[in-house]
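This is input-v5.cif. It holds mmCIF, C-alpha atoms.
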data_upload
loop_
_atom_site.group_PDB
_atom_site.id
_atom_site.type_symbol
_atom_site.label_atom_id
_atom_site.label_comp_id
_atom_site.auth_asym_id
_atom_site.auth_seq_id
_atom_site.Cartn_x
_atom_site.Cartn_y
_atom_site.Cartn_z
ATOM 1 C CA MET D 399 -120.364 -89.881 -30.122
ATOM 2 C CA HIS D 400 -121.517 -91.651 -33.272
ATOM 3 C CA PHE D 401 -120.138 -90.514 -36.626
ATOM 4 C CA ASP D 402 -121.980 -91.471 -39.794
ATOM 5 C CA PHE D 403 -120.036 -93.068 -42.624
ATOM 6 C CA PHE D 404 -118.725 -90.611 -45.191
ATOM 7 C CA ASP D 405 -117.020 -91.521 -48.471
ATOM 8 C CA PHE D 406 -113.964 -89.280 -48.793
ATOM 9 C CA GLN D 407 -113.404 -90.634 -52.317
ATOM 10 C CA HIS D 408 -109.677 -91.014 -51.875
ATOM 11 C CA THR D 409 -107.618 -91.509 -55.013
ATOM 12 C CA LEU D 410 -104.216 -91.272 -53.306
ATOM 13 C CA SER D 411 -102.507 -94.087 -51.462
ATOM 14 C CA ASP D 412 -101.913 -93.642 -47.742
ATOM 15 C CA GLU D 413 -98.276 -92.747 -48.410
ATOM 16 C CA GLU D 414 -99.191 -90.256 -51.130
ATOM 17 C CA ARG D 415 -101.790 -88.641 -48.880
ATOM 18 C CA GLN D 416 -99.261 -88.171 -46.095
ATOM 19 C CA LEU D 417 -96.820 -86.508 -48.497
ATOM 20 C CA LEU D 418 -99.560 -84.244 -49.811
ATOM 21 C CA LEU D 419 -100.555 -83.234 -46.292
ATOM 22 C CA ARG D 420 -96.948 -82.541 -45.353
ATOM 23 C CA ASP D 421 -96.334 -80.410 -48.443
ATOM 24 C CA THR D 422 -99.591 -78.505 -47.908
ATOM 25 C CA TYR D 423 -98.894 -77.754 -44.250
ATOM 26 C CA GLU D 424 -95.351 -76.613 -44.994
ATOM 27 C CA HIS D 425 -96.539 -74.368 -47.807
ATOM 28 C CA ILE D 426 -99.269 -72.733 -45.726
ATOM 29 C CA LEU D 427 -97.310 -72.287 -42.499
ATOM 30 C CA LYS D 428 -94.284 -70.847 -44.284
ATOM 31 C CA LYS D 429 -96.497 -68.529 -46.323
ATOM 32 C CA VAL D 430 -98.508 -67.001 -43.482
ATOM 33 C CA SER D 431 -95.502 -66.634 -41.159
ATOM 34 C CA GLU D 432 -93.408 -64.715 -43.671
ATOM 35 C CA GLY D 433 -92.421 -61.352 -42.178
ATOM 36 C CA SER D 434 -94.264 -62.009 -38.911
ATOM 37 C CA GLY D 435 -91.189 -62.653 -36.800
ATOM 38 C CA ARG D 436 -92.698 -65.955 -35.697
ATOM 39 C CA ASN D 437 -90.520 -68.943 -36.532
ATOM 40 C CA VAL D 438 -92.443 -72.033 -37.618
ATOM 41 C CA ASN D 439 -89.362 -74.152 -38.387
ATOM 42 C CA LYS D 440 -89.521 -76.109 -35.116
ATOM 43 C CA ILE D 441 -93.198 -76.797 -35.695
ATOM 44 C CA LEU D 442 -92.553 -78.109 -39.196
ATOM 45 C CA LYS D 443 -89.705 -80.278 -37.922
ATOM 46 C CA TYR D 444 -91.942 -81.672 -35.191
ATOM 47 C CA LEU D 445 -94.743 -82.431 -37.650
ATOM 48 C CA ARG D 446 -92.304 -84.325 -39.880
ATOM 49 C CA GLU D 447 -90.740 -86.287 -37.002
ATOM 50 C CA SER D 448 -93.983 -87.176 -35.224
ATOM 51 C CA ASP D 449 -96.902 -89.205 -36.559
ATOM 52 C CA PHE D 450 -98.874 -86.016 -37.269
ATOM 53 C CA TYR D 451 -99.443 -86.744 -40.964
ATOM 54 C CA ALA D 452 -100.383 -90.392 -40.358
ATOM 55 C CA ILE D 453 -102.773 -90.545 -37.416
ATOM 56 C CA PRO D 454 -106.537 -90.746 -37.942
ATOM 57 C CA CYS D 455 -109.211 -89.269 -35.708
ATOM 58 C CA ARG D 456 -112.664 -90.548 -34.781
ATOM 59 C CA HIS D 457 -114.572 -88.544 -37.377
ATOM 60 C CA HIS D 458 -111.877 -88.826 -40.066
ATOM 61 C CA ALA D 459 -110.943 -92.456 -39.554
ATOM 62 C CA PHE D 460 -108.231 -92.964 -42.173
ATOM 63 C CA VAL D 461 -104.487 -92.498 -42.456
ATOM 64 C CA GLY D 462 -103.841 -88.755 -42.188
ATOM 65 C CA GLY D 463 -107.365 -88.021 -40.970
ATOM 66 C CA ASN D 464 -106.277 -85.807 -38.065
ATOM 67 C CA ALA D 465 -104.327 -83.436 -40.323
ATOM 68 C CA TRP D 466 -107.049 -83.651 -42.998
ATOM 69 C CA HIS D 467 -109.682 -82.532 -40.487
ATOM 70 C CA GLN D 468 -107.597 -79.522 -39.484
ATOM 71 C CA LEU D 469 -107.133 -78.526 -43.133
ATOM 72 C CA GLU D 470 -110.903 -78.630 -43.542
ATOM 73 C CA THR D 471 -111.200 -76.396 -40.479
ATOM 74 C CA LEU D 472 -109.005 -73.812 -42.200
ATOM 75 C CA VAL D 473 -110.944 -74.074 -45.470
ATOM 76 C CA TYR D 474 -114.218 -73.433 -43.664
ATOM 77 C CA ALA D 475 -112.715 -70.323 -42.050
ATOM 78 C CA TYR D 476 -112.244 -68.677 -45.441
ATOM 79 C CA GLY D 477 -114.663 -70.630 -47.627
ATOM 80 C CA GLU D 478 -118.357 -70.421 -48.328
ATOM 81 C CA GLU D 479 -120.908 -70.021 -45.568
ATOM 82 C CA VAL D 480 -122.702 -73.197 -44.534
ATOM 83 C CA GLY D 481 -125.991 -73.364 -42.630
ATOM 84 C CA GLN D 482 -126.280 -76.170 -40.112
ATOM 85 C CA SER D 483 -127.147 -76.597 -36.436
ATOM 86 C CA CYS D 484 -125.310 -78.632 -33.840
ATOM 87 C CA ASP D 485 -124.700 -78.986 -30.123
ATOM 88 C CA ASN D 486 -127.384 -76.575 -28.981
ATOM 89 C CA PHE D 487 -126.122 -73.570 -30.872
ATOM 90 C CA ASP D 488 -127.217 -72.257 -34.245
ATOM 91 C CA LEU D 489 -124.109 -72.790 -36.326
ATOM 92 C CA SER D 490 -125.362 -70.772 -39.281
ATOM 93 C CA THR D 491 -126.166 -67.677 -37.216
ATOM 94 C CA THR D 492 -122.947 -67.881 -35.231
ATOM 95 C CA PHE D 493 -120.928 -68.364 -38.409
ATOM 96 C CA SER D 494 -122.544 -65.350 -40.118
ATOM 97 C CA THR D 495 -122.114 -63.131 -37.068
ATOM 98 C CA TRP D 496 -118.458 -63.839 -36.385
ATOM 99 C CA ARG D 497 -117.050 -64.625 -39.834
ATOM 100 C CA PRO D 498 -116.283 -60.987 -40.818
ATOM 101 C CA GLN D 499 -114.458 -60.505 -37.521
ATOM 102 C CA TRP D 500 -112.269 -63.588 -37.719
ATOM 103 C CA GLN D 501 -111.478 -62.924 -41.388
ATOM 104 C CA ALA D 502 -110.140 -59.513 -40.321
ATOM 105 C CA LEU D 503 -107.573 -61.194 -38.043
ATOM 106 C CA MET D 504 -103.973 -61.852 -39.043
ATOM 107 C CA PRO D 505 -103.979 -64.961 -41.267
ATOM 108 C CA ILE D 506 -101.274 -66.561 -39.150
ATOM 109 C CA SER D 507 -103.600 -66.653 -36.136
ATOM 110 C CA VAL D 508 -106.395 -68.342 -38.082
ATOM 111 C CA VAL D 509 -103.915 -70.812 -39.578
ATOM 112 C CA VAL D 510 -102.263 -71.686 -36.256
ATOM 113 C CA ALA D 511 -105.608 -72.236 -34.543
ATOM 114 C CA SER D 512 -107.066 -74.229 -37.433
ATOM 115 C CA LEU D 513 -104.120 -76.390 -38.456
ATOM 116 C CA LEU D 514 -102.655 -77.092 -35.019
ATOM 117 C CA HIS D 515 -105.566 -77.287 -32.590
ATOM 118 C CA ASP D 516 -105.292 -81.090 -32.515
ATOM 119 C CA VAL D 517 -101.497 -81.366 -32.610
ATOM 120 C CA GLY D 518 -101.726 -82.746 -29.075
ATOM 121 C CA ASN D 519 -103.043 -86.024 -30.520
ATOM 122 C CA THR D 520 -99.603 -86.807 -31.930
ATOM 123 C CA HIS D 521 -96.810 -89.015 -30.639
ATOM 124 C CA HIS D 522 -93.128 -88.094 -30.694
ATOM 125 C CA ALA D 523 -90.135 -89.981 -29.316
ATOM 126 C CA LYS D 524 -89.144 -87.092 -27.035
ATOM 127 C CA LEU D 525 -92.611 -85.914 -25.988
ATOM 128 C CA ARG D 526 -94.031 -86.790 -22.569
ATOM 129 C CA PHE D 527 -97.121 -85.005 -21.321
ATOM 130 C CA PRO D 528 -97.173 -84.076 -17.635
ATOM 131 C CA ASP D 529 -100.094 -85.421 -15.631
ATOM 132 C CA ARG D 530 -101.663 -81.976 -15.280
ATOM 133 C CA VAL D 531 -102.472 -81.804 -19.016
ATOM 134 C CA MET D 532 -103.070 -85.451 -19.886
ATOM 135 C CA ARG D 533 -106.871 -85.251 -19.646
ATOM 136 C CA ARG D 534 -107.182 -81.806 -21.248
ATOM 137 C CA HIS D 535 -107.523 -82.139 -25.015
ATOM 138 C CA GLY D 536 -106.856 -78.536 -26.010
ATOM 139 C CA ARG D 537 -104.178 -78.018 -23.374
ATOM 140 C CA LYS D 538 -102.212 -80.949 -24.788
ATOM 141 C CA SER D 539 -101.951 -79.069 -28.080
ATOM 142 C CA THR D 540 -100.789 -75.838 -26.451
ATOM 143 C CA TYR D 541 -98.323 -77.882 -24.402
ATOM 144 C CA VAL D 542 -96.759 -79.194 -27.614
ATOM 145 C CA LEU D 543 -96.608 -75.722 -29.150
ATOM 146 C CA LYS D 544 -95.642 -73.576 -26.170
ATOM 147 C CA ASP D 545 -93.888 -75.815 -23.684
ATOM 148 C CA PHE D 546 -92.267 -78.425 -25.912
ATOM 149 C CA LEU D 547 -91.515 -76.411 -29.065
ATOM 150 C CA HIS D 548 -91.332 -72.947 -27.431
ATOM 151 C CA PHE D 549 -93.458 -71.417 -30.154
ATOM 152 C CA GLU D 550 -94.904 -68.028 -29.287
ATOM 153 C CA LEU D 551 -98.673 -68.284 -29.138
ATOM 154 C CA MET D 552 -100.675 -65.071 -29.003
ATOM 155 C CA PHE D 553 -103.120 -64.903 -26.100
ATOM 156 C CA ASP D 554 -106.220 -65.480 -28.222
ATOM 157 C CA GLU D 555 -104.532 -68.349 -30.075
ATOM 158 C CA ASN D 556 -103.652 -69.998 -26.785
ATOM 159 C CA MET D 557 -107.109 -69.577 -25.235
ATOM 160 C CA THR D 558 -108.843 -70.648 -28.436
ATOM 161 C CA ILE D 559 -106.914 -73.906 -28.731
ATOM 162 C CA VAL D 560 -107.205 -74.688 -25.023
ATOM 163 C CA HIS D 561 -111.006 -74.266 -25.049
ATOM 164 C CA HIS D 562 -111.931 -75.263 -28.612
ATOM 165 C CA GLN D 563 -113.828 -78.391 -27.568
ATOM 166 C CA HIS D 564 -116.325 -76.297 -25.578
ATOM 167 C CA LYS D 565 -118.884 -75.605 -28.298
ATOM 168 C CA THR D 566 -121.699 -74.026 -26.290
ATOM 169 C CA GLU D 567 -121.831 -70.922 -24.153
ATOM 170 C CA GLN D 568 -122.694 -72.959 -21.061
ATOM 171 C CA SER D 569 -119.967 -75.512 -21.697
ATOM 172 C CA LEU D 570 -117.335 -72.783 -21.947
ATOM 173 C CA ARG D 571 -118.678 -71.039 -18.846
ATOM 174 C CA ASP D 572 -118.521 -74.297 -16.888
ATOM 175 C CA GLU D 573 -114.896 -74.862 -17.870
ATOM 176 C CA THR D 574 -113.520 -71.398 -17.058
ATOM 177 C CA PRO D 575 -112.672 -70.325 -13.506
ATOM 178 C CA ASP D 576 -114.737 -67.136 -13.384
ATOM 179 C CA GLU D 577 -117.140 -64.968 -15.344
ATOM 180 C CA GLU D 578 -114.432 -62.504 -16.381
ATOM 181 C CA THR D 579 -112.346 -65.241 -18.000
ATOM 182 C CA PHE D 580 -115.403 -66.721 -19.681
ATOM 183 C CA ARG D 581 -116.463 -63.349 -21.086
ATOM 184 C CA MET D 582 -112.959 -62.594 -22.358
ATOM 185 C CA ILE D 583 -112.789 -65.864 -24.314
ATOM 186 C CA TRP D 584 -116.398 -65.660 -25.486
ATOM 187 C CA GLU D 585 -115.695 -62.288 -27.100
ATOM 188 C CA MET D 586 -112.691 -63.548 -29.103
ATOM 189 C CA PRO D 587 -113.405 -63.856 -32.852
ATOM 190 C CA LEU D 588 -110.734 -66.554 -33.109
ATOM 191 C CA TYR D 589 -112.510 -68.698 -30.527
ATOM 192 C CA HIS D 590 -115.713 -68.559 -32.575
ATOM 193 C CA GLN D 591 -113.789 -69.323 -35.761
ATOM 194 C CA LEU D 592 -112.449 -72.550 -34.346
ATOM 195 C CA ARG D 593 -115.691 -73.313 -32.546
ATOM 196 C CA CYS D 594 -117.658 -73.108 -35.809
ATOM 197 C CA CYS D 595 -115.189 -74.445 -38.348
ATOM 198 C CA ASP D 596 -114.018 -77.390 -36.261
ATOM 199 C CA THR D 597 -117.678 -78.402 -35.922
ATOM 200 C CA LEU D 598 -118.337 -77.929 -39.636
ATOM 201 C CA SER D 599 -115.473 -80.247 -40.504
ATOM 202 C CA ILE D 600 -117.025 -82.909 -38.278
ATOM 203 C CA LEU D 601 -120.569 -82.396 -39.585
ATOM 204 C CA ALA D 602 -119.708 -81.843 -43.238
ATOM 205 C CA PRO D 603 -116.350 -83.459 -44.099
ATOM 206 C CA MET D 604 -114.896 -82.947 -47.559
ATOM 207 C CA THR D 605 -114.023 -85.380 -50.312
ATOM 208 C CA GLU D 606 -110.454 -85.409 -51.540
ATOM 209 C CA ASP D 607 -111.368 -83.461 -54.672
ATOM 210 C CA LYS D 608 -113.389 -80.844 -52.812
ATOM 211 C CA LEU D 609 -110.672 -80.226 -50.223
ATOM 212 C CA MET D 610 -107.980 -79.786 -52.872
ATOM 213 C CA LYS D 611 -110.110 -77.356 -54.892
ATOM 214 C CA SER D 612 -111.150 -75.468 -51.763
ATOM 215 C CA LEU D 613 -107.542 -75.049 -50.674
ATOM 216 C CA GLU D 614 -106.731 -73.462 -54.016
ATOM 217 C CA ALA D 615 -109.693 -71.111 -53.644
ATOM 218 C CA ILE D 616 -108.557 -69.719 -50.266
ATOM 219 C CA GLU D 617 -104.930 -69.059 -51.261
ATOM 220 C CA GLU D 618 -105.559 -65.308 -51.559
ATOM 221 C CA HIS D 619 -106.675 -65.166 -47.919
ATOM 222 C CA LEU D 620 -103.366 -66.615 -46.749
ATOM 223 C CA LEU D 621 -101.204 -63.784 -48.033
ATOM 224 C CA PRO D 622 -99.337 -62.275 -45.067
ATOM 225 C CA PRO D 623 -99.926 -58.572 -44.431
ATOM 226 C CA ASP D 624 -97.275 -55.925 -44.949
ATOM 227 C CA TYR D 625 -96.106 -55.905 -41.336
ATOM 228 C CA GLY D 626 -93.910 -52.874 -41.945
ATOM 229 C CA SER D 627 -96.872 -50.715 -42.938
ATOM 230 C CA LEU D 628 -98.886 -51.894 -39.929
ATOM 231 C CA TYR D 629 -96.424 -50.422 -37.465
ATOM 232 C CA ASN D 630 -95.381 -47.258 -39.296
#
Please rewrite the model in this file as structure tokens.
Amino acid sequence: MHFDFFDFQHTLSDEERQLLLRDTYEHILKKVSEGSGRNVNKILKYLRESDFYAIPCRHHAFVGGNAWHQLETLVYAYGEEVGQSCDNFDLSTTFSTWRPQWQALMPISVVVASLLHDVGNTHHAKLRFPDRVMRRHGRKSTYVLKDFLHFELMFDENMTIVHHQHKTEQSLRDETPDEETFRMIWEMPLYHQLRCCDTLSILAPMTEDKLMKSLEAIEEHLLPPDYGSLYN
């Protein structure tokens, strides 16, 4: 796939950008996990020890681009609506339809799916992918989280990350074993969140200044719920 040139207008050095990304990820993941009973410490340790904050990706081809892209994915989940079309589905309509439903989810689920859906692109001295997942982009990320780090993924988080590269209804149907499984995933708000916002980050990447300002603007959405009141 061809990706048009985009000027990210970086003012930070590569080293400064990596430190900023690390600090931002640690702030967000610690914030949304507070009181949830879900321990993100192993994830944060892995992100620091691997090349997570350094590696680029095809559409964000600069040092730290992989992590930058995932931050944009989170910003789009809670930011302003954007109307665009891509990959045979109407992104604007899909976004408008599903946005209220994914914003009603626990923030930790949206954060995990957004910030870690491409964690499988990383390299770590102790990580070796088994052959059965090597060619499966989303499954590599859930392998890191579930199998290597033993982080508890909720069912919709797991299915969303595994299938996030399937952007169209037909593509998802083709990659699931039966109609029941397809329908179950297709009806998940979190799947549509990642489906839309991952695509938006690719189609409409953000300059350094815009991403930093947008992150500040979504802080209120990242407040963890009062878990005690939810179960009383």
Could you give me, as CSV, a per-residue list for range 566-604 of chain D showing, wherever an atom lies at most 8 Å from an atom of range 510-528 of chain D, the closest pair of atoms and their distance in Å to one decimal, using only C-alpha atoms and sorting by chain then residue number from low to high?
residue,atom,partner,partner_atom,distance
D:Leu588,CA,D:Ala511,CA,7.8
D:Leu592,CA,D:Ser512,CA,6.4
D:Asp596,CA,D:Ser512,CA,7.7
Would you save the residues of that selection, restricted to C-alpha atoms, as a PDB file, in the frame of the given file?
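Result file follows (out-v5.pdb):
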ATOM      1  CA  LEU D 588    -110.734 -66.554 -33.109  1.00  0.00           C
ATOM      2  CA  LEU D 592    -112.449 -72.550 -34.346  1.00  0.00           C
ATOM      3  CA  ASP D 596    -114.018 -77.390 -36.261  1.00  0.00           C
TER       4      ASP D 596
END
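In terms of minimum interatomic distance to Thr495 in chain D, D:Gln591 ranks closest within D:Gln416, D:Ser507, D:Gln591, D:Gln407, counting all atoms listed in the file.
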For this structure, which residues satisfy the selection - the PyMOL selection byres ((chain D and resi 610-615) around 12) - when it is evaluated on the file as given? I want them as a ChimeraX atom specification. /D:406,408-409,415,418-419,422-423,425-426,466,469-478,604-609,616-620
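Counting only C-alpha atoms and comparing D:Ala459, D:Met582, D:Met557, D:Met552, the residue that lies closest to Asp402 in chain D is D:Ala459.
When the distance limit is 10 Å and all atoms listed in the file are what count, the residues near Met586 in chain D, minus those fewer than 4 positions from it on the same chain, are Trp496, Gln499, Trp500, Asp554, Glu555, Met557, Thr558, Arg581, Met582, His590 and Gln591 of chain D.
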Can you turn the PyMOL selection byres ((chain D and resi 436-439) around 10) into a concrete residue list for this file, as a PDB file with C-alpha atoms, in the frame of the given file?
ATOM      1  CA  GLU D 424     -95.351 -76.613 -44.994  1.00  0.00           C
ATOM      2  CA  LEU D 427     -97.310 -72.287 -42.499  1.00  0.00           C
ATOM      3  CA  LYS D 428     -94.284 -70.847 -44.284  1.00  0.00           C
ATOM      4  CA  VAL D 430     -98.508 -67.001 -43.482  1.00  0.00           C
ATOM      5  CA  SER D 431     -95.502 -66.634 -41.159  1.00  0.00           C
ATOM      6  CA  GLU D 432     -93.408 -64.715 -43.671  1.00  0.00           C
ATOM      7  CA  GLY D 433     -92.421 -61.352 -42.178  1.00  0.00           C
ATOM      8  CA  SER D 434     -94.264 -62.009 -38.911  1.00  0.00           C
ATOM      9  CA  GLY D 435     -91.189 -62.653 -36.800  1.00  0.00           C
ATOM     10  CA  LYS D 440     -89.521 -76.109 -35.116  1.00  0.00           C
ATOM     11  CA  ILE D 441     -93.198 -76.797 -35.695  1.00  0.00           C
ATOM     12  CA  LEU D 442     -92.553 -78.109 -39.196  1.00  0.00           C
ATOM     13  CA  LYS D 443     -89.705 -80.278 -37.922  1.00  0.00           C
ATOM     14  CA  TYR D 444     -91.942 -81.672 -35.191  1.00  0.00           C
ATOM     15  CA  LEU D 445     -94.743 -82.431 -37.650  1.00  0.00           C
ATOM     16  CA  ILE D 506    -101.274 -66.561 -39.150  1.00  0.00           C
ATOM     17  CA  VAL D 510    -102.263 -71.686 -36.256  1.00  0.00           C
ATOM     18  CA  LEU D 547     -91.515 -76.411 -29.065  1.00  0.00           C
ATOM     19  CA  HIS D 548     -91.332 -72.947 -27.431  1.00  0.00           C
ATOM     20  CA  PHE D 549     -93.458 -71.417 -30.154  1.00  0.00           C
ATOM     21  CA  GLU D 550     -94.904 -68.028 -29.287  1.00  0.00           C
ATOM     22  CA  LEU D 551     -98.673 -68.284 -29.138  1.00  0.00           C
TER      23      LEU D 551
END
Expand the PyMOL selection byres ((chain D and resi 462) around 8) into the individual residues it matches in the shown file, reporting them as a list in words.
Asp412, Arg415, Gln416, Leu419, Phe450, Tyr451, Ala452, Ile453, Pro454, Phe460, Val461, Gly463, Asn464, Ala465 and Trp466 of chain D
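Here CA of His562 in chain D is placed at a distance of 11.4 Å from CA of Thr540 in chain D.
Here CA of Thr566 in chain D is placed at a distance of 12.2 Å from CA of Ile583 in chain D.
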Just the number, please: distance in Å from CA of Asp449 in chain D to CA of Arg420 in chain D, one decimal.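 Answer for the CA of Asp449 in chain D to CA of Arg420 in chain D separation: 11.0 Å.
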Extending 4 Å beyond the listed atoms of range 458-470 of chain D on each side, what axis-aligned box results? I want centre and edge lengths in Å to one decimal, as JSON.
{"center_x": -107.9, "center_y": -85.7, "center_z": -40.8, "size_x": 16.0, "size_y": 22.4, "size_z": 13.5}
Take range 436-445 of chain D, bring it up to all heavy atoms, and give me the output as a PDB file, in the frame of the given file.
ATOM      1  N   ARG D 436     -92.360 -64.732 -36.429  1.00  0.00           N
ATOM      2  CA  ARG D 436     -92.698 -65.955 -35.697  1.00  0.00           C
ATOM      3  C   ARG D 436     -92.170 -67.156 -36.474  1.00  0.00           C
ATOM      4  O   ARG D 436     -92.580 -67.405 -37.607  1.00  0.00           O
ATOM      5  CB  ARG D 436     -94.213 -66.040 -35.480  1.00  0.00           C
ATOM      6  CG  ARG D 436     -94.726 -64.832 -34.710  1.00  0.00           C
ATOM      7  CD  ARG D 436     -96.231 -64.824 -34.599  1.00  0.00           C
ATOM      8  NE  ARG D 436     -96.703 -65.896 -33.732  1.00  0.00           N
ATOM      9  CZ  ARG D 436     -97.989 -66.196 -33.558  1.00  0.00           C
ATOM     10  NH1 ARG D 436     -98.918 -65.518 -34.226  1.00  0.00           N
ATOM     11  NH2 ARG D 436     -98.343 -67.166 -32.738  1.00  0.00           N
ATOM     12  N   ASN D 437     -91.255 -67.873 -35.854  1.00  0.00           N
ATOM     13  CA  ASN D 437     -90.520 -68.943 -36.532  1.00  0.00           C
ATOM     14  C   ASN D 437     -91.290 -70.257 -36.446  1.00  0.00           C
ATOM     15  O   ASN D 437     -91.522 -70.783 -35.347  1.00  0.00           O
ATOM     16  CB  ASN D 437     -89.135 -69.090 -35.881  1.00  0.00           C
ATOM     17  CG  ASN D 437     -88.202 -69.959 -36.699  1.00  0.00           C
ATOM     18  OD1 ASN D 437     -88.640 -70.806 -37.469  1.00  0.00           O
ATOM     19  ND2 ASN D 437     -86.914 -69.744 -36.540  1.00  0.00           N
ATOM     20  N   VAL D 438     -91.682 -70.779 -37.587  1.00  0.00           N
ATOM     21  CA  VAL D 438     -92.443 -72.033 -37.618  1.00  0.00           C
ATOM     22  C   VAL D 438     -91.556 -73.247 -37.907  1.00  0.00           C
ATOM     23  O   VAL D 438     -92.064 -74.356 -38.030  1.00  0.00           O
ATOM     24  CB  VAL D 438     -93.579 -71.973 -38.664  1.00  0.00           C
ATOM     25  CG1 VAL D 438     -94.563 -70.869 -38.325  1.00  0.00           C
ATOM     26  CG2 VAL D 438     -93.030 -71.796 -40.081  1.00  0.00           C
ATOM     27  N   ASN D 439     -90.240 -73.051 -37.993  1.00  0.00           N
ATOM     28  CA  ASN D 439     -89.362 -74.152 -38.387  1.00  0.00           C
ATOM     29  C   ASN D 439     -89.415 -75.322 -37.412  1.00  0.00           C
ATOM     30  O   ASN D 439     -89.416 -76.490 -37.815  1.00  0.00           O
ATOM     31  CB  ASN D 439     -87.919 -73.661 -38.533  1.00  0.00           C
ATOM     32  CG  ASN D 439     -87.734 -72.785 -39.755  1.00  0.00           C
ATOM     33  OD1 ASN D 439     -88.499 -72.875 -40.716  1.00  0.00           O
ATOM     34  ND2 ASN D 439     -86.738 -71.920 -39.740  1.00  0.00           N
ATOM     35  N   LYS D 440     -89.454 -75.027 -36.105  1.00  0.00           N
ATOM     36  CA  LYS D 440     -89.521 -76.109 -35.116  1.00  0.00           C
ATOM     37  C   LYS D 440     -90.838 -76.865 -35.218  1.00  0.00           C
ATOM     38  O   LYS D 440     -90.882 -78.079 -35.024  1.00  0.00           O
ATOM     39  CB  LYS D 440     -89.330 -75.549 -33.706  1.00  0.00           C
ATOM     40  CG  LYS D 440     -87.902 -75.166 -33.367  1.00  0.00           C
ATOM     41  CD  LYS D 440     -87.784 -74.755 -31.909  1.00  0.00           C
ATOM     42  CE  LYS D 440     -86.339 -74.421 -31.542  1.00  0.00           C
ATOM     43  NZ  LYS D 440     -86.227 -74.012 -30.111  1.00  0.00           N
ATOM     44  N   ILE D 441     -91.904 -76.136 -35.521  1.00  0.00           N
ATOM     45  CA  ILE D 441     -93.198 -76.797 -35.695  1.00  0.00           C
ATOM     46  C   ILE D 441     -93.143 -77.748 -36.882  1.00  0.00           C
ATOM     47  O   ILE D 441     -93.570 -78.905 -36.797  1.00  0.00           O
ATOM     48  CB  ILE D 441     -94.322 -75.760 -35.897  1.00  0.00           C
ATOM     49  CG1 ILE D 441     -94.558 -74.974 -34.611  1.00  0.00           C
ATOM     50  CG2 ILE D 441     -95.614 -76.448 -36.352  1.00  0.00           C
ATOM     51  CD1 ILE D 441     -95.595 -73.883 -34.754  1.00  0.00           C
ATOM     52  N   LEU D 442     -92.618 -77.269 -38.001  1.00  0.00           N
ATOM     53  CA  LEU D 442     -92.553 -78.109 -39.196  1.00  0.00           C
ATOM     54  C   LEU D 442     -91.676 -79.331 -38.963  1.00  0.00           C
ATOM     55  O   LEU D 442     -91.999 -80.437 -39.425  1.00  0.00           O
ATOM     56  CB  LEU D 442     -92.036 -77.287 -40.372  1.00  0.00           C
ATOM     57  CG  LEU D 442     -92.931 -76.116 -40.799  1.00  0.00           C
ATOM     58  CD1 LEU D 442     -92.276 -75.325 -41.926  1.00  0.00           C
ATOM     59  CD2 LEU D 442     -94.303 -76.611 -41.234  1.00  0.00           C
ATOM     60  N   LYS D 443     -90.584 -79.146 -38.240  1.00  0.00           N
ATOM     61  CA  LYS D 443     -89.705 -80.278 -37.922  1.00  0.00           C
ATOM     62  C   LYS D 443     -90.447 -81.288 -37.049  1.00  0.00           C
ATOM     63  O   LYS D 443     -90.360 -82.506 -37.267  1.00  0.00           O
ATOM     64  CB  LYS D 443     -88.454 -79.771 -37.209  1.00  0.00           C
ATOM     65  CG  LYS D 443     -87.406 -80.839 -36.896  1.00  0.00           C
ATOM     66  CD  LYS D 443     -86.140 -80.170 -36.341  1.00  0.00           C
ATOM     67  CE  LYS D 443     -85.025 -81.192 -36.116  1.00  0.00           C
ATOM     68  NZ  LYS D 443     -85.290 -82.068 -34.954  1.00  0.00           N
ATOM     69  N   TYR D 444     -91.182 -80.784 -36.060  1.00  0.00           N
ATOM     70  CA  TYR D 444     -91.942 -81.672 -35.191  1.00  0.00           C
ATOM     71  C   TYR D 444     -92.998 -82.442 -35.988  1.00  0.00           C
ATOM     72  O   TYR D 444     -93.169 -83.657 -35.790  1.00  0.00           O
ATOM     73  CB  TYR D 444     -92.624 -80.873 -34.083  1.00  0.00           C
ATOM     74  CG  TYR D 444     -93.521 -81.708 -33.210  1.00  0.00           C
ATOM     75  CD1 TYR D 444     -92.998 -82.388 -32.112  1.00  0.00           C
ATOM     76  CD2 TYR D 444     -94.877 -81.847 -33.493  1.00  0.00           C
ATOM     77  CE1 TYR D 444     -93.816 -83.184 -31.317  1.00  0.00           C
ATOM     78  CE2 TYR D 444     -95.697 -82.651 -32.707  1.00  0.00           C
ATOM     79  CZ  TYR D 444     -95.162 -83.316 -31.622  1.00  0.00           C
ATOM     80  OH  TYR D 444     -95.971 -84.107 -30.846  1.00  0.00           O
ATOM     81  N   LEU D 445     -93.701 -81.760 -36.867  1.00  0.00           N
ATOM     82  CA  LEU D 445     -94.743 -82.431 -37.650  1.00  0.00           C
ATOM     83  C   LEU D 445     -94.154 -83.535 -38.513  1.00  0.00           C
ATOM     84  O   LEU D 445     -94.768 -84.593 -38.701  1.00  0.00           O
ATOM     85  CB  LEU D 445     -95.491 -81.418 -38.520  1.00  0.00           C
ATOM     86  CG  LEU D 445     -96.217 -80.280 -37.788  1.00  0.00           C
ATOM     87  CD1 LEU D 445     -96.996 -79.416 -38.774  1.00  0.00           C
ATOM     88  CD2 LEU D 445     -97.128 -80.807 -36.701  1.00  0.00           C
TER      89      LEU D 445
END
